[in-house]
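Text of the file start.cif, holding mmCIF, N, CA and C atoms and all ligand atoms:
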data_my_file
#
loop_
_atom_site.label_atom_id
_atom_site.label_comp_id
_atom_site.auth_asym_id
_atom_site.auth_seq_id
_atom_site.Cartn_x
_atom_site.Cartn_y
_atom_site.Cartn_z
N MET H 621 -3.05 18.68 -11.65
CA MET H 621 -3.84 17.75 -12.47
C MET H 621 -3.20 16.37 -12.46
N LYS H 622 -4.05 15.38 -12.63
CA LYS H 622 -3.55 14.01 -12.68
C LYS H 622 -4.07 13.33 -13.94
N TRP H 623 -3.23 12.46 -14.48
CA TRP H 623 -3.55 11.74 -15.71
C TRP H 623 -3.33 10.27 -15.48
N LYS H 624 -4.24 9.48 -16.03
CA LYS H 624 -4.13 8.04 -15.82
C LYS H 624 -3.90 7.32 -17.15
N CYS H 625 -2.90 6.44 -17.14
CA CYS H 625 -2.67 5.60 -18.32
C CYS H 625 -3.78 4.56 -18.38
N THR H 626 -4.52 4.56 -19.49
CA THR H 626 -5.65 3.63 -19.60
C THR H 626 -5.18 2.21 -19.90
N VAL H 627 -3.88 2.08 -20.23
CA VAL H 627 -3.34 0.74 -20.52
C VAL H 627 -2.94 0.04 -19.22
N CYS H 628 -2.17 0.76 -18.36
CA CYS H 628 -1.61 0.08 -17.19
C CYS H 628 -2.03 0.69 -15.85
N GLY H 629 -2.70 1.85 -15.87
CA GLY H 629 -3.16 2.44 -14.62
C GLY H 629 -2.17 3.39 -13.97
N TYR H 630 -1.02 3.59 -14.60
CA TYR H 630 -0.02 4.53 -14.05
C TYR H 630 -0.63 5.92 -13.90
N ILE H 631 -0.37 6.58 -12.76
CA ILE H 631 -0.89 7.93 -12.54
C ILE H 631 0.24 8.94 -12.64
N HIS H 632 0.02 9.94 -13.48
CA HIS H 632 1.01 11.00 -13.69
C HIS H 632 0.49 12.31 -13.11
N ASP H 633 1.35 13.02 -12.36
CA ASP H 633 1.01 14.34 -11.85
C ASP H 633 1.64 15.39 -12.75
N GLY H 634 0.85 16.33 -13.27
CA GLY H 634 1.41 17.38 -14.11
C GLY H 634 0.33 18.11 -14.89
N ASP H 635 0.75 19.19 -15.57
CA ASP H 635 -0.22 19.99 -16.34
C ASP H 635 -0.72 19.25 -17.57
N SER H 636 0.11 18.35 -18.09
CA SER H 636 -0.32 17.56 -19.24
C SER H 636 0.16 16.13 -19.07
N ALA H 637 -0.39 15.25 -19.88
CA ALA H 637 0.01 13.84 -19.83
C ALA H 637 1.45 13.70 -20.33
N PRO H 638 2.19 12.71 -19.85
CA PRO H 638 3.56 12.51 -20.37
C PRO H 638 3.53 12.01 -21.81
N ASP H 639 4.60 12.24 -22.56
CA ASP H 639 4.66 11.79 -23.97
C ASP H 639 4.54 10.28 -24.06
N ILE H 640 5.18 9.63 -23.10
CA ILE H 640 5.18 8.16 -23.08
C ILE H 640 4.97 7.71 -21.64
N CYS H 641 4.17 6.68 -21.45
CA CYS H 641 3.97 6.16 -20.09
C CYS H 641 5.29 5.56 -19.59
N PRO H 642 5.79 6.04 -18.43
CA PRO H 642 7.05 5.51 -17.90
C PRO H 642 6.97 4.02 -17.58
N LYS H 643 5.76 3.57 -17.30
CA LYS H 643 5.61 2.17 -16.87
C LYS H 643 5.48 1.22 -18.06
N CYS H 644 4.56 1.52 -18.98
CA CYS H 644 4.28 0.55 -20.05
C CYS H 644 4.64 1.05 -21.45
N GLY H 645 5.03 2.32 -21.56
CA GLY H 645 5.46 2.83 -22.85
C GLY H 645 4.32 3.26 -23.77
N ALA H 646 3.09 3.27 -23.26
CA ALA H 646 1.95 3.70 -24.08
C ALA H 646 2.09 5.18 -24.44
N PRO H 647 1.59 5.59 -25.63
CA PRO H 647 1.71 6.99 -26.04
C PRO H 647 0.76 7.90 -25.27
N LYS H 648 1.03 9.20 -25.37
CA LYS H 648 0.27 10.25 -24.68
C LYS H 648 -1.25 10.09 -24.82
N GLU H 649 -1.69 9.71 -26.03
CA GLU H 649 -3.14 9.60 -26.31
C GLU H 649 -3.84 8.58 -25.42
N LYS H 650 -3.05 7.67 -24.85
CA LYS H 650 -3.65 6.63 -24.00
C LYS H 650 -3.93 7.14 -22.58
N PHE H 651 -3.50 8.38 -22.31
CA PHE H 651 -3.75 8.94 -20.98
C PHE H 651 -5.08 9.69 -20.97
N GLU H 652 -5.81 9.55 -19.87
CA GLU H 652 -7.03 10.34 -19.72
C GLU H 652 -6.93 11.15 -18.43
N LYS H 653 -7.54 12.31 -18.45
CA LYS H 653 -7.51 13.19 -17.29
C LYS H 653 -8.40 12.60 -16.19
N ILE H 654 -7.91 12.62 -14.99
CA ILE H 654 -8.70 12.11 -13.87
C ILE H 654 -9.65 13.21 -13.41
N ALA H 655 -10.88 12.83 -13.17
CA ALA H 655 -11.91 13.80 -12.74
C ALA H 655 -11.50 14.44 -11.41
N PRO H 656 -11.82 15.73 -11.22
CA PRO H 656 -11.40 16.46 -10.01
C PRO H 656 -11.82 15.79 -8.70
N ASP H 657 -12.99 15.22 -8.66
CA ASP H 657 -13.43 14.58 -7.41
C ASP H 657 -12.59 13.35 -7.09
N VAL H 658 -12.28 12.56 -8.13
CA VAL H 658 -11.43 11.38 -7.93
C VAL H 658 -10.01 11.82 -7.56
N GLU H 659 -9.57 12.90 -8.21
CA GLU H 659 -8.25 13.46 -7.93
C GLU H 659 -8.11 13.80 -6.44
N GLN H 660 -9.13 14.41 -5.89
CA GLN H 660 -9.13 14.79 -4.47
C GLN H 660 -9.04 13.57 -3.56
N ILE H 661 -9.79 12.54 -3.93
CA ILE H 661 -9.78 11.31 -3.13
C ILE H 661 -8.38 10.69 -3.15
N ILE H 662 -7.76 10.67 -4.32
CA ILE H 662 -6.41 10.11 -4.46
C ILE H 662 -5.43 10.90 -3.60
N GLU H 663 -5.52 12.22 -3.71
CA GLU H 663 -4.61 13.09 -2.96
C GLU H 663 -4.75 12.86 -1.46
N ARG H 664 -5.99 12.80 -1.02
CA ARG H 664 -6.26 12.60 0.39
C ARG H 664 -5.75 11.25 0.88
N SER H 665 -5.79 10.25 0.02
CA SER H 665 -5.47 8.89 0.44
C SER H 665 -3.99 8.56 0.36
N ARG H 666 -3.21 9.38 -0.34
CA ARG H 666 -1.80 9.04 -0.54
C ARG H 666 -1.06 8.83 0.77
N LYS H 667 -1.25 9.75 1.69
CA LYS H 667 -0.54 9.65 2.97
C LYS H 667 -0.97 8.40 3.73
N THR H 668 -2.29 8.19 3.80
CA THR H 668 -2.80 7.03 4.52
C THR H 668 -2.27 5.73 3.93
N ASN H 669 -2.26 5.65 2.61
CA ASN H 669 -1.77 4.44 1.96
C ASN H 669 -0.29 4.22 2.27
N GLN H 670 0.47 5.30 2.30
CA GLN H 670 1.89 5.20 2.64
C GLN H 670 2.04 4.70 4.08
N LEU H 671 1.21 5.23 4.97
CA LEU H 671 1.27 4.79 6.37
C LEU H 671 0.93 3.30 6.49
N HIS H 672 -0.06 2.87 5.71
CA HIS H 672 -0.41 1.44 5.72
C HIS H 672 0.77 0.59 5.25
N MET H 673 1.47 1.06 4.22
CA MET H 673 2.60 0.29 3.71
C MET H 673 3.74 0.27 4.72
N ASP H 674 3.99 1.40 5.39
CA ASP H 674 5.02 1.44 6.44
C ASP H 674 4.65 0.48 7.57
N LEU H 675 3.38 0.51 7.93
CA LEU H 675 2.90 -0.36 9.00
C LEU H 675 3.08 -1.83 8.62
N ALA H 676 2.69 -2.19 7.42
CA ALA H 676 2.82 -3.57 6.96
C ALA H 676 4.29 -4.01 6.98
N HIS H 677 5.17 -3.09 6.63
CA HIS H 677 6.60 -3.38 6.64
C HIS H 677 7.09 -3.66 8.07
N MET H 678 6.66 -2.83 9.01
CA MET H 678 7.05 -3.02 10.41
C MET H 678 6.49 -4.34 10.95
N LEU H 679 5.25 -4.63 10.59
CA LEU H 679 4.62 -5.86 11.07
C LEU H 679 5.35 -7.09 10.53
N THR H 680 5.83 -7.01 9.30
CA THR H 680 6.62 -8.10 8.72
C THR H 680 7.87 -8.32 9.56
N LYS H 681 8.48 -7.23 10.01
CA LYS H 681 9.65 -7.34 10.89
C LYS H 681 9.28 -8.01 12.21
N ILE H 682 8.14 -7.60 12.78
CA ILE H 682 7.69 -8.17 14.05
C ILE H 682 7.49 -9.68 13.90
N ILE H 683 6.91 -10.08 12.77
CA ILE H 683 6.69 -11.51 12.52
C ILE H 683 8.04 -12.25 12.48
N ALA H 684 9.02 -11.66 11.81
CA ALA H 684 10.35 -12.29 11.71
C ALA H 684 11.01 -12.39 13.08
N ILE H 685 10.92 -11.34 13.88
CA ILE H 685 11.51 -11.35 15.23
C ILE H 685 10.82 -12.42 16.08
N SER H 686 9.49 -12.48 15.97
CA SER H 686 8.72 -13.46 16.75
C SER H 686 9.12 -14.88 16.39
N GLU H 687 9.29 -15.12 15.08
CA GLU H 687 9.68 -16.47 14.64
C GLU H 687 11.06 -16.83 15.20
N GLU H 688 11.93 -15.84 15.23
CA GLU H 688 13.26 -16.07 15.79
C GLU H 688 13.15 -16.43 17.28
N GLY H 689 12.28 -15.69 17.99
CA GLY H 689 12.07 -15.95 19.41
C GLY H 689 11.48 -17.32 19.67
N ILE H 690 10.60 -17.76 18.77
CA ILE H 690 9.99 -19.09 18.92
C ILE H 690 11.06 -20.17 18.74
N VAL H 691 11.91 -20.00 17.75
CA VAL H 691 12.99 -20.95 17.49
C VAL H 691 14.00 -20.92 18.65
N ASP H 692 14.27 -19.73 19.17
CA ASP H 692 15.21 -19.54 20.28
C ASP H 692 14.78 -20.36 21.50
N ASN H 693 13.44 -20.33 21.76
CA ASN H 693 12.83 -21.26 22.72
C ASN H 693 13.51 -21.31 24.10
N LEU H 694 13.70 -20.14 24.71
CA LEU H 694 14.34 -20.11 26.04
C LEU H 694 13.46 -20.78 27.09
N ASP H 695 12.21 -20.34 27.18
CA ASP H 695 11.27 -20.98 28.12
C ASP H 695 9.84 -20.75 27.62
N PRO H 696 8.88 -21.47 28.19
CA PRO H 696 7.49 -21.40 27.67
C PRO H 696 6.90 -19.99 27.70
N ASN H 697 7.24 -19.18 28.71
CA ASN H 697 6.69 -17.81 28.77
C ASN H 697 7.16 -16.97 27.60
N CYS H 698 8.43 -17.08 27.28
CA CYS H 698 8.97 -16.34 26.14
C CYS H 698 8.31 -16.79 24.85
N VAL H 699 8.24 -18.09 24.65
CA VAL H 699 7.65 -18.62 23.42
C VAL H 699 6.20 -18.17 23.29
N SER H 700 5.48 -18.16 24.40
CA SER H 700 4.07 -17.74 24.39
C SER H 700 3.94 -16.29 23.92
N ILE H 701 4.81 -15.42 24.41
CA ILE H 701 4.78 -14.01 24.00
C ILE H 701 5.09 -13.89 22.50
N PHE H 702 6.12 -14.60 22.07
CA PHE H 702 6.48 -14.53 20.65
C PHE H 702 5.36 -15.07 19.75
N GLN H 703 4.69 -16.10 20.21
CA GLN H 703 3.57 -16.66 19.43
C GLN H 703 2.42 -15.66 19.34
N LYS H 704 2.13 -15.01 20.46
CA LYS H 704 1.06 -14.00 20.46
C LYS H 704 1.43 -12.81 19.56
N ALA H 705 2.68 -12.39 19.68
CA ALA H 705 3.15 -11.26 18.86
C ALA H 705 3.04 -11.60 17.38
N LYS H 706 3.44 -12.82 17.04
CA LYS H 706 3.39 -13.26 15.64
C LYS H 706 1.96 -13.26 15.12
N LYS H 707 1.05 -13.80 15.92
CA LYS H 707 -0.35 -13.90 15.52
C LYS H 707 -0.96 -12.49 15.33
N SER H 708 -0.75 -11.62 16.31
CA SER H 708 -1.30 -10.27 16.23
C SER H 708 -0.71 -9.50 15.05
N ALA H 709 0.60 -9.60 14.88
CA ALA H 709 1.26 -8.87 13.78
C ALA H 709 0.74 -9.37 12.44
N TYR H 710 0.58 -10.69 12.33
CA TYR H 710 0.08 -11.26 11.08
C TYR H 710 -1.33 -10.75 10.78
N GLU H 711 -2.20 -10.77 11.80
CA GLU H 711 -3.58 -10.32 11.59
C GLU H 711 -3.64 -8.84 11.22
N LEU H 712 -2.86 -8.03 11.92
CA LEU H 712 -2.83 -6.59 11.62
C LEU H 712 -2.32 -6.33 10.20
N ARG H 713 -1.29 -7.08 9.82
CA ARG H 713 -0.73 -6.90 8.47
C ARG H 713 -1.76 -7.25 7.41
N GLN H 714 -2.50 -8.33 7.64
CA GLN H 714 -3.53 -8.73 6.66
C GLN H 714 -4.65 -7.67 6.60
N MET H 715 -5.00 -7.10 7.76
CA MET H 715 -6.03 -6.05 7.79
C MET H 715 -5.56 -4.83 7.01
N SER H 716 -4.30 -4.47 7.24
CA SER H 716 -3.73 -3.31 6.56
C SER H 716 -3.73 -3.52 5.05
N LYS H 717 -3.32 -4.71 4.62
CA LYS H 717 -3.31 -5.04 3.19
C LYS H 717 -4.71 -4.98 2.60
N ALA H 718 -5.69 -5.54 3.35
CA ALA H 718 -7.07 -5.55 2.87
C ALA H 718 -7.59 -4.12 2.70
N GLU H 719 -7.18 -3.23 3.59
CA GLU H 719 -7.61 -1.83 3.52
C GLU H 719 -7.00 -1.15 2.29
N ILE H 720 -5.75 -1.45 2.00
CA ILE H 720 -5.11 -0.89 0.81
C ILE H 720 -5.86 -1.36 -0.44
N VAL H 721 -6.18 -2.65 -0.48
CA VAL H 721 -6.93 -3.18 -1.63
C VAL H 721 -8.28 -2.49 -1.76
N ALA H 722 -8.94 -2.24 -0.62
CA ALA H 722 -10.23 -1.54 -0.63
C ALA H 722 -10.07 -0.13 -1.20
N HIS H 723 -8.97 0.53 -0.84
CA HIS H 723 -8.71 1.87 -1.36
C HIS H 723 -8.52 1.85 -2.88
N ILE H 724 -7.80 0.84 -3.35
CA ILE H 724 -7.56 0.72 -4.80
C ILE H 724 -8.91 0.55 -5.51
N ASN H 725 -9.74 -0.30 -4.95
CA ASN H 725 -11.05 -0.55 -5.58
C ASN H 725 -11.96 0.68 -5.57
N LYS H 726 -11.76 1.53 -4.54
CA LYS H 726 -12.57 2.76 -4.48
C LYS H 726 -11.83 3.92 -5.12
N GLN H 727 -10.77 3.60 -5.87
CA GLN H 727 -9.94 4.60 -6.54
C GLN H 727 -9.23 5.54 -5.57
N LYS H 728 -9.11 5.11 -4.32
CA LYS H 728 -8.35 5.91 -3.34
C LYS H 728 -6.89 5.50 -3.42
N TRP H 729 -6.32 5.68 -4.57
CA TRP H 729 -4.93 5.26 -4.79
C TRP H 729 -4.30 6.19 -5.78
N GLY H 730 -2.99 6.22 -5.79
CA GLY H 730 -2.33 7.00 -6.84
C GLY H 730 -1.05 7.60 -6.33
ZN ZN Y 801 1.02 2.77 -18.91
#
Could I get this structure in the form of structure tokens?
Ligand SMILES: [Zn+2]
Amino acid sequence: MKWKCTVCGYIHDGDSAPDICPKCGAPKEKFEKIAPDVEQIIERSRKTNQLHMDLAHMLTKIIAISEEGIVDNLDPNCVSIFQKAKKSAYELRQMSKAEIVAHINKQKWG
């Protein structure tokens, strides 16, 4: 079972709601049980959301490496590759972030 803090949105996994919300300190009464269908969607999406976050993290690294390569500026071919890598990584990271936001809005989060 999953319980949602109606004050801050914190999701708790367990047979009953926690006595106090770990995030905002709201009392047990502020928690509501998440409907089984929504629960399933959250469960299914957890792995994907984690993968998106891992991907975004890697892409941030790629952007940093690319910027270093651009500054390094050995020759135009190298700089061109680093510029392309930076652009692609940036676009992919923004897409990944947008997808996570879409999941949150569709309650595919938790
Ligand atoms: Zn809370």
Please find the residues contacting ligand ZN 801 (chain Y) at a distance of at most 7 Å between atoms, with all atoms listed in the file counted, and report them as an MDAnalysis selection string. chainID H and resid 624:630 640:646
Given only C-alpha atoms, how would the per-residue table for range 633-666 of chain H near range 670-689 of chain H read, listing every residue at most 12 Å away with its closest atom pair and distance in Å to one decimal, sorted by chain and number, as JSON lines?
{"residue": "H:Ile662", "atom": "CA", "partner": "H:Gln670", "partner_atom": "CA", "distance": 12.0}
{"residue": "H:Glu663", "atom": "CA", "partner": "H:Gln670", "partner_atom": "CA", "distance": 11.7}
{"residue": "H:Arg664", "atom": "CA", "partner": "H:Gln670", "partner_atom": "CA", "distance": 11.2}
{"residue": "H:Ser665", "atom": "CA", "partner": "H:Gln670", "partner_atom": "CA", "distance": 8.5}
{"residue": "H:Arg666", "atom": "CA", "partner": "H:Gln670", "partner_atom": "CA", "distance": 6.2}
Write a file of the selected residues as a PDB file, in the coordinates of the input, keeping N, CA and C atoms.
ATOM      1  N   ILE H 662      -7.760  10.670  -4.320  1.00  0.00           N
ATOM      2  CA  ILE H 662      -6.410  10.110  -4.460  1.00  0.00           C
ATOM      3  C   ILE H 662      -5.430  10.900  -3.600  1.00  0.00           C
ATOM      4  N   GLU H 663      -5.520  12.220  -3.710  1.00  0.00           N
ATOM      5  CA  GLU H 663      -4.610  13.090  -2.960  1.00  0.00           C
ATOM      6  C   GLU H 663      -4.750  12.860  -1.460  1.00  0.00           C
ATOM      7  N   ARG H 664      -5.990  12.800  -1.020  1.00  0.00           N
ATOM      8  CA  ARG H 664      -6.260  12.600   0.390  1.00  0.00           C
ATOM      9  C   ARG H 664      -5.750  11.250   0.880  1.00  0.00           C
ATOM     10  N   SER H 665      -5.790  10.250   0.020  1.00  0.00           N
ATOM     11  CA  SER H 665      -5.470   8.890   0.440  1.00  0.00           C
ATOM     12  C   SER H 665      -3.990   8.560   0.360  1.00  0.00           C
ATOM     13  N   ARG H 666      -3.210   9.380  -0.340  1.00  0.00           N
ATOM     14  CA  ARG H 666      -1.800   9.040  -0.540  1.00  0.00           C
ATOM     15  C   ARG H 666      -1.060   8.830   0.770  1.00  0.00           C
TER      16      ARG H 666
END
Between H:Pro647, H:Pro696, H:Gly730, H:Pro638, which residue has the minimum interatomic distance to Gln660 in chain H, considering only C-alpha atoms?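 Checking each candidate against Gln660 in chain H, we get H:Gly730 as the closest.
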So how far away is atom C of Lys648 in chain H from CA of Trp623 in chain H, in Å?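 Rounded to one decimal, the two atoms are 9.5 Å apart.
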Write out as a ChimeraX atom specification all residues of range 621-724 of chain H that backbone DSSP assigns to helix (DSSP H, G or I). /H:648-650,656-692,696-724
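Note that the spacing between atom C of Glu659 in chain H and CA of Ile720 in chain H amounts to 16.7 Å.
Of note, atom N of Lys706 in chain H and CA of Ala718 in chain H are spaced 19.1 Å apart.
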